[in-house]
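This is final_27.pdb (PDB, C-alpha atoms).
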ATOM      1  CA  GLY W  51     157.336 134.698  90.391
ATOM      2  CA  SER W  52     156.506 132.139  87.730
ATOM      3  CA  ALA W  53     153.028 130.824  87.094
ATOM      4  CA  SER W  54     151.901 127.562  88.697
ATOM      5  CA  ILE W  55     150.039 124.490  87.528
ATOM      6  CA  ILE W  56     147.012 125.790  89.459
ATOM      7  CA  GLU W  57     146.975 128.957  87.336
ATOM      8  CA  ALA W  58     147.340 126.821  84.200
ATOM      9  CA  GLN W  59     144.413 124.607  85.244
ATOM     10  CA  ARG W  60     142.304 127.692  86.010
ATOM     11  CA  ALA W  61     143.137 129.197  82.596
ATOM     12  CA  PHE W  62     142.173 125.938  80.871
ATOM     13  CA  ALA W  63     138.913 125.696  82.830
ATOM     14  CA  ASN W  64     138.089 129.255  81.678
ATOM     15  CA  GLY W  65     138.710 128.324  78.043
ATOM     16  CA  ASP W  66     142.073 130.084  77.759
ATOM     17  CA  VAL W  67     143.924 127.199  76.105
ATOM     18  CA  ALA W  68     146.861 129.378  74.962
ATOM     19  CA  THR W  69     147.690 130.571  78.498
ATOM     20  CA  ALA W  70     147.356 127.054  79.921
ATOM     21  CA  GLU W  71     149.682 125.738  77.222
ATOM     22  CA  ARG W  72     152.254 128.518  77.723
ATOM     23  CA  ILE W  73     152.402 127.992  81.509
ATOM     24  CA  CYS W  74     152.699 124.203  81.154
ATOM     25  CA  SER W  75     155.432 124.540  78.513
ATOM     26  CA  GLU W  76     157.386 126.746  80.941
ATOM     27  CA  LEU W  77     156.829 124.232  83.766
ATOM     28  CA  VAL W  78     158.098 121.230  81.784
ATOM     29  CA  ALA W  79     161.031 123.277  80.425
ATOM     30  CA  ARG W  80     162.052 123.941  84.046
ATOM     31  CA  SER W  81     161.302 120.423  85.250
ATOM     32  CA  ALA W  82     160.616 117.642  82.725
ATOM     33  CA  ASP W  83     159.172 115.385  85.452
ATOM     34  CA  ASN W  84     156.077 117.546  86.108
ATOM     35  CA  GLY W  85     153.350 114.978  85.431
ATOM     36  CA  ALA W  86     150.473 117.399  86.050
ATOM     37  CA  ALA W  87     151.865 119.798  83.426
ATOM     38  CA  TRP W  88     152.235 116.966  80.875
ATOM     39  CA  ALA W  89     148.646 115.894  81.616
ATOM     40  CA  LEU W  90     147.333 119.421  81.007
ATOM     41  CA  LEU W  91     149.435 119.704  77.820
ATOM     42  CA  THR W  92     147.646 116.524  76.688
ATOM     43  CA  GLU W  93     144.316 118.299  77.147
ATOM     44  CA  THR W  94     145.415 121.486  75.374
ATOM     45  CA  ALA W  95     146.716 119.427  72.415
ATOM     46  CA  LEU W  96     143.378 117.557  72.222
ATOM     47  CA  GLN W  97     141.507 120.893  72.309
ATOM     48  CA  ARG W  98     143.646 122.113  69.407
ATOM     49  CA  GLY W  99     142.868 118.954  67.405
ATOM     50  CA  ARG W 100     146.443 117.642  67.596
ATOM     51  CA  PRO W 101     146.131 113.997  68.700
ATOM     52  CA  ASP W 102     149.736 113.323  67.625
ATOM     53  CA  ALA W 103     151.105 115.882  70.110
ATOM     54  CA  ALA W 104     148.516 114.833  72.713
ATOM     55  CA  ILE W 105     149.598 111.178  72.767
ATOM     56  CA  VAL W 106     153.270 112.177  73.222
ATOM     57  CA  CYS W 107     152.308 114.307  76.252
ATOM     58  CA  ALA W 108     149.987 111.612  77.649
ATOM     59  CA  ASP W 109     152.737 108.988  77.337
ATOM     60  CA  ARG W 110     155.075 111.292  79.313
ATOM     61  CA  ALA W 111     152.441 111.808  82.030
ATOM     62  CA  VAL W 112     151.815 108.047  82.321
ATOM     63  CA  ALA W 113     155.557 107.255  82.349
ATOM     64  CA  LEU W 114     156.074 109.755  85.194
ATOM     65  CA  ASP W 115     153.176 108.408  87.260
ATOM     66  CA  PRO W 116     151.874 105.042  86.000
ATOM     67  CA  LYS W 117     149.446 104.866  88.948
ATOM     68  CA  ASP W 118     147.754 108.212  88.201
ATOM     69  CA  PRO W 119     144.283 107.374  86.847
ATOM     70  CA  ILE W 120     143.864 110.834  85.251
ATOM     71  CA  ALA W 121     147.023 110.339  83.150
ATOM     72  CA  LEU W 122     145.760 106.912  82.039
ATOM     73  CA  ILE W 123     142.305 108.316  81.247
ATOM     74  CA  LEU W 124     143.864 111.090  79.146
ATOM     75  CA  ARG W 125     145.930 108.473  77.309
ATOM     76  CA  ALA W 126     142.743 106.471  76.673
ATOM     77  CA  LYS W 127     141.074 109.637  75.315
ATOM     78  CA  CYS W 128     144.008 110.270  72.943
ATOM     79  CA  LEU W 129     143.882 106.684  71.692
ATOM     80  CA  PHE W 130     140.115 106.937  71.175
ATOM     81  CA  VAL W 131     140.444 110.222  69.231
ATOM     82  CA  SER W 132     143.157 108.589  67.082
ATOM     83  CA  GLY W 133     140.782 105.748  66.215
ATOM     84  CA  GLU W 134     142.525 103.159  68.394
ATOM     85  CA  ALA W 135     139.445 101.964  70.275
ATOM     86  CA  ARG W 136     140.965  98.658  71.418
ATOM     87  CA  ARG W 137     143.995 100.322  73.023
ATOM     88  CA  ALA W 138     141.726 103.045  74.438
ATOM     89  CA  PHE W 139     139.614 100.313  76.060
ATOM     90  CA  GLU W 140     142.752  98.740  77.598
ATOM     91  CA  ALA W 141     143.944 102.099  78.974
ATOM     92  CA  ALA W 142     140.460 102.843  80.360
ATOM     93  CA  GLY W 143     140.382  99.431  82.023
ATOM     94  CA  ALA W 144     143.754 100.109  83.679
ATOM     95  CA  ALA W 145     142.484 103.519  84.867
ATOM     96  CA  ALA W 146     139.248 102.011  86.241
ATOM     97  CA  LYS W 147     141.320  99.774  88.558
ATOM     98  CA  LEU W 148     143.057 102.850  89.998
ATOM     99  CA  VAL W 149     140.296 105.481  90.340
ATOM    100  CA  GLY W 150     139.454 104.528  93.929
ATOM    101  CA  ASP W 151     136.793 106.944  95.178
ATOM    102  CA  VAL W 152     138.207 110.150  93.673
ATOM    103  CA  PRO W 153     135.085 111.687  92.101
ATOM    104  CA  GLN W 154     136.934 113.596  89.344
ATOM    105  CA  ALA W 155     138.726 110.407  88.255
ATOM    106  CA  LEU W 156     135.531 108.311  88.450
ATOM    107  CA  ASP W 157     133.668 110.860  86.329
ATOM    108  CA  ALA W 158     136.458 111.137  83.724
ATOM    109  CA  CYS W 159     136.756 107.359  83.547
ATOM    110  CA  GLY W 160     132.987 107.012  83.112
ATOM    111  CA  ALA W 161     133.154 109.487  80.222
ATOM    112  CA  ILE W 162     135.741 107.331  78.404
ATOM    113  CA  PHE W 163     133.634 104.186  78.768
ATOM    114  CA  GLY W 164     130.693 106.235  77.444
ATOM    115  CA  LEU W 165     132.743 107.247  74.372
ATOM    116  CA  LEU W 166     133.564 103.564  73.858
ATOM    117  CA  GLY W 167     129.829 102.778  73.958
ATOM    118  CA  LEU W 168     130.128 100.772  77.191
ATOM    119  CA  HIS W 169     127.263 102.478  78.989
ATOM    120  CA  LYS W 170     126.796  99.905  81.761
ATOM    121  CA  LYS W 171     130.396 100.392  82.892
ATOM    122  CA  ALA W 172     130.059 104.171  82.440
ATOM    123  CA  LYS W 173     126.905 104.203  84.582
ATOM    124  CA  GLU W 174     128.635 102.298  87.401
ATOM    125  CA  LEU W 175     131.520 104.813  87.420
ATOM    126  CA  PHE W 176     129.191 107.842  87.290
ATOM    127  CA  ARG W 177     127.122 106.359  90.138
ATOM    128  CA  ARG W 178     130.307 106.052  92.230
ATOM    129  CA  ALA W 179     131.271 109.655  91.355
ATOM    130  CA  VAL W 180     127.851 110.862  92.578
ATOM    131  CA  ALA W 181     128.193 108.792  95.761
ATOM    132  CA  ALA W 182     131.645 110.301  96.411
ATOM    133  CA  SER W 183     130.546 113.877  95.652
ATOM    134  CA  PRO W 184     126.727 114.200  95.765
ATOM    135  CA  ALA W 185     126.728 118.010  95.567
ATOM    136  CA  GLU W 186     128.456 118.205  92.146
ATOM    137  CA  PRO W 187     125.772 118.739  89.465
ATOM    138  CA  GLN W 188     128.078 117.644  86.622
ATOM    139  CA  TYR W 189     128.338 114.107  88.044
ATOM    140  CA  LEU W 190     124.551 113.867  88.425
ATOM    141  CA  PHE W 191     124.076 115.117  84.874
ATOM    142  CA  ASN W 192     126.573 112.594  83.438
ATOM    143  CA  LEU W 193     124.810 109.813  85.332
ATOM    144  CA  ALA W 194     121.412 111.010  84.024
ATOM    145  CA  ALA W 195     122.667 111.204  80.415
ATOM    146  CA  THR W 196     123.998 107.637  80.648
ATOM    147  CA  GLU W 197     120.802 106.361  82.259
ATOM    148  CA  ARG W 198     118.915 107.862  79.346
ATOM    149  CA  MET W 199     121.206 105.997  76.900
ATOM    150  CA  THR W 200     120.394 102.726  78.667
ATOM    151  CA  GLY W 201     116.632 103.415  78.806
ATOM    152  CA  ALA W 202     116.434 104.083  82.569
ATOM    153  CA  LEU W 203     114.304 107.173  81.917
ATOM    154  CA  GLU W 204     112.765 107.602  85.390
ATOM    155  CA  GLN W 205     116.148 107.479  87.132
ATOM    156  CA  ALA W 206     117.547 109.836  84.486
ATOM    157  CA  GLU W 207     114.761 112.344  85.179
ATOM    158  CA  ALA W 208     115.296 112.098  88.949
ATOM    159  CA  HIS W 209     119.038 112.728  88.553
ATOM    160  CA  CYS W 210     118.357 115.689  86.220
ATOM    161  CA  ASP W 211     116.035 117.125  88.889
ATOM    162  CA  ALA W 212     118.789 116.676  91.498
ATOM    163  CA  ALA W 213     121.362 118.418  89.264
ATOM    164  CA  ILE W 214     118.958 121.338  88.651
ATOM    165  CA  ALA W 215     118.190 121.581  92.385
ATOM    166  CA  LEU W 216     121.937 122.117  92.966
ATOM    167  CA  ASP W 217     122.345 124.515  90.042
ATOM    168  CA  ARG W 218     119.210 126.283  88.750
ATOM    169  CA  ASN W 219     121.122 127.546  85.687
ATOM    170  CA  TYR W 220     122.350 124.145  84.526
ATOM    171  CA  ALA W 221     121.159 124.510  80.909
ATOM    172  CA  LEU W 222     122.182 120.997  79.807
ATOM    173  CA  ALA W 223     120.243 119.403  82.652
ATOM    174  CA  HIS W 224     117.133 121.475  81.788
ATOM    175  CA  TYR W 225     117.475 120.420  78.156
ATOM    176  CA  LEU W 226     117.893 116.729  78.990
ATOM    177  CA  ARG W 227     114.944 116.836  81.396
ATOM    178  CA  SER W 228     112.588 118.365  78.820
ATOM    179  CA  ASP W 229     113.724 115.738  76.306
ATOM    180  CA  LEU W 230     113.025 112.992  78.879
ATOM    181  CA  ARG W 231     109.550 114.442  79.543
ATOM    182  CA  ILE W 232     108.761 114.210  75.815
ATOM    183  CA  GLN W 233     109.963 110.564  75.726
ATOM    184  CA  SER W 234     107.939 109.686  78.826
ATOM    185  CA  ALA W 235     104.841 111.317  77.309
ATOM    186  CA  ASP W 236     105.286 109.181  74.173
ATOM    187  CA  ARG W 237     105.268 106.081  76.313
ATOM    188  CA  ASN W 238     102.111 106.865  78.270
TER     189      ASN W 238
END
If you took the structure in this file and wrote it as structure tokens, what would it be?
Amino acid sequence: GSASIIEAQRAFANGDVATAERICSELVARSADNGAAWALLTETALQRGRPDAAIVCADRAVALDPKDPIALILRAKCLFVSGEARRAFEAAGAAAKLVGDVPQALDACGAIFGLLGLHKKAKELFRRAVAASPAEPQYLFNLAATERMTGALEQAEAHCDAAIALDRNYALAHYLRSDLRIQSADRN
């Protein structure tokens, strides 16, 4: 049988961009209205440093499902990478209205607002992602990193601790926590 979008997503998550791209290309060749495949092709194009190809794929994904926040977030990311911050902000705003309480979408949307330097909005979205999925260390870490950007160092440290409690080997969280400890020591 032919490979599925799930296999493509798994390949991409494991860093195998070429396999993800090949599977998605086959999927859209068979059925041009596969929004999930267009969305993943957007990500593979961004990984390869091809924002021109990425925006074409993102536009297809959004056209196929204009209410899919992930497609809109990917489009915002493409626009940001292409230096179109204003349009990226508009796309992120549209996505933020649609994320609901889907933790993956909240987290991805928070990341875009972070890229745009809008840390208050990012923090709100990351907080909602943590509330929706409290056992996912990545969401806690993203919240902590944003809290650090906004000077909420005690909350940031607490959220780092929570992320590490869920995943002892979370290197980024350990790194951020030690950095926060140094900053706190400077203050005292």
### Task
Quick one: apply the PyMOL selection byres ((chain W and resi 52) around 9) to the file and drop the selected residues here as a ChimeraX atom specification.
/W:51,53-54,73,76-77
Selection file, C-alpha atoms, as a PDB file, keeping the file's coordinate frame:
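What landed in again37.pdb:
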ATOM      1  CA  GLY W  51     157.336 134.698  90.391  1.00  0.00           C
ATOM      2  CA  ALA W  53     153.028 130.824  87.094  1.00  0.00           C
ATOM      3  CA  SER W  54     151.901 127.562  88.697  1.00  0.00           C
ATOM      4  CA  ILE W  73     152.402 127.992  81.509  1.00  0.00           C
ATOM      5  CA  GLU W  76     157.386 126.746  80.941  1.00  0.00           C
ATOM      6  CA  LEU W  77     156.829 124.232  83.766  1.00  0.00           C
TER       7      LEU W  77
END
### Task
With a distance cut-off of 12 Å and only C-alpha atoms, select the neighbouring residues of Gly150 of chain W, excluding the residue or stretch itself and same-chain residues fewer than 6 positions from it, and output the selection as a PyMOL selection string.
chain W and resi 117-120+144+156-157+159+175+178-179+182
### Task
Name the residues in contact with Phe163 of chain W at a cut-off of 10 Å, using only C-alpha atoms, excluding same-chain residues fewer than 3 positions from it; report them as a PyMOL selection string.
chain W and resi 123+126-127+138-139+142-143+146+158-160+166-173+175
### Message
Let me make sure I understand: among W:Thr69, W:Gln59, W:Thr92, W:Gln188, which one has the smallest atom-to-atom distance to Ala223 of chain W if we use all atoms listed in the file?
### Response
W:Gln188
### Task
List the neighbours of segment 200-211 of chain W out to 9 Å using only C-alpha atoms; skip same-chain residues closer than 4 positions along the sequence, and give me the result as a PyMOL selection string.
chain W and resi 169-170+173+187+190-191+193-196+215-216+223-224+226-227+230-231+233-234
### Query
If you measure from atom CA of Asp83 of chain W to atom CA of Arg110 of chain W, what distance in Å do you get, rounded to one decimal?
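A separation of 8.4 Å between them.
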### Message
So that I can check the surroundings of segment 130-135 of chain W, please list as a PyMOL selection string every protein, DNA and RNA residue that reaches within 10 Å of it, counting only C-alpha atoms and ignoring chain neighbours fewer than 4 positions away.
### Response
chain W and resi 96+99-102+104-105+124-126+139-141+162+165-166
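The coordinates place atom CA of Cys107 of chain W at 19.6 Å from atom CA of Gly65 of chain W.
For the atom pair formed by atom CA of Glu197 of chain W and atom CA of Gly164 of chain W, the distance is 11.0 Å, given to one decimal.
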### Query
Excluding same-chain residues fewer than 2 positions from Val78 of chain W, what lies within 12 Å of it counting only C-alpha atoms, as a list in words?
Ser54, Ile55, Glu71, Arg72, Ile73, Cys74, Ser75, Glu76, Arg80, Ser81, Ala82, Asp83, Asn84, Gly85, Ala86, Ala87, Trp88, Ala89, Leu90, Leu91, Cys107, Arg110 and Ala111 of chain W
### Task
Could you check which of W:Ala113, W:Ile232, W:Ala161, W:Leu122 is closest to Lys147 of chain W, using only C-alpha atoms?
W:Leu122
### Residue nearest Arg177 of chain W - candidates W:Ile214, W:Arg98, W:Pro153, W:Met199, atoms counted: only C-alpha atoms
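Closest to Arg177 of chain W, using only C-alpha atoms: W:Pro153.
Using only C-alpha atoms, the smallest distance between any of W:Arg60, W:Ala70, W:Asp229, W:Ala145 and Val112 of chain W comes from W:Ala145.
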Give me segment 157-168 of chain W with N, CA, C and O atoms filled in, as a JSON list (two decimals), in the coordinates of the input.
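Output saved as part21.json:
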[["chain", "number", "residue", "atom", "x", "y", "z"],
["W", 157, "ASP", "N", 134.46, 110.19, 87.36],
["W", 157, "ASP", "CA", 133.67, 110.86, 86.33],
["W", 157, "ASP", "C", 134.38, 110.81, 84.97],
["W", 157, "ASP", "O", 133.78, 110.48, 83.96],
["W", 158, "ALA", "N", 135.68, 111.13, 84.97],
["W", 158, "ALA", "CA", 136.46, 111.14, 83.72],
["W", 158, "ALA", "C", 136.54, 109.73, 83.13],
["W", 158, "ALA", "O", 136.45, 109.55, 81.92],
["W", 159, "CYS", "N", 136.67, 108.75, 84.00],
["W", 159, "CYS", "CA", 136.76, 107.36, 83.55],
["W", 159, "CYS", "C", 135.40, 106.91, 82.98],
["W", 159, "CYS", "O", 135.35, 106.24, 81.93],
["W", 160, "GLY", "N", 134.33, 107.30, 83.63],
["W", 160, "GLY", "CA", 132.99, 107.01, 83.11],
["W", 160, "GLY", "C", 132.79, 107.60, 81.72],
["W", 160, "GLY", "O", 132.22, 106.95, 80.84],
["W", 161, "ALA", "N", 133.30, 108.81, 81.52],
["W", 161, "ALA", "CA", 133.15, 109.49, 80.22],
["W", 161, "ALA", "C", 133.85, 108.70, 79.11],
["W", 161, "ALA", "O", 133.31, 108.58, 78.01],
["W", 162, "ILE", "N", 135.02, 108.13, 79.42],
["W", 162, "ILE", "CA", 135.74, 107.33, 78.40],
["W", 162, "ILE", "C", 134.95, 106.08, 78.05],
["W", 162, "ILE", "O", 134.82, 105.74, 76.87],
["W", 163, "PHE", "N", 134.43, 105.38, 79.06],
["W", 163, "PHE", "CA", 133.63, 104.19, 78.77],
["W", 163, "PHE", "C", 132.38, 104.56, 77.97],
["W", 163, "PHE", "O", 131.95, 103.79, 77.11],
["W", 164, "GLY", "N", 131.83, 105.75, 78.23],
["W", 164, "GLY", "CA", 130.69, 106.24, 77.44],
["W", 164, "GLY", "C", 131.08, 106.43, 75.98],
["W", 164, "GLY", "O", 130.35, 106.01, 75.08],
["W", 165, "LEU", "N", 132.24, 107.06, 75.74],
["W", 165, "LEU", "CA", 132.74, 107.25, 74.37],
["W", 165, "LEU", "C", 132.91, 105.90, 73.67],
["W", 165, "LEU", "O", 132.65, 105.78, 72.47],
["W", 166, "LEU", "N", 133.34, 104.90, 74.43],
["W", 166, "LEU", "CA", 133.56, 103.56, 73.86],
["W", 166, "LEU", "C", 132.25, 102.79, 73.68],
["W", 166, "LEU", "O", 132.26, 101.67, 73.18],
["W", 167, "GLY", "N", 131.13, 103.41, 74.11],
["W", 167, "GLY", "CA", 129.83, 102.78, 73.96],
["W", 167, "GLY", "C", 129.52, 101.75, 75.03],
["W", 167, "GLY", "O", 128.57, 100.98, 74.90],
["W", 168, "LEU", "N", 130.31, 101.75, 76.11],
["W", 168, "LEU", "CA", 130.13, 100.77, 77.19],
["W", 168, "LEU", "C", 129.37, 101.46, 78.33],
["W", 168, "LEU", "O", 129.94, 101.84, 79.35]]
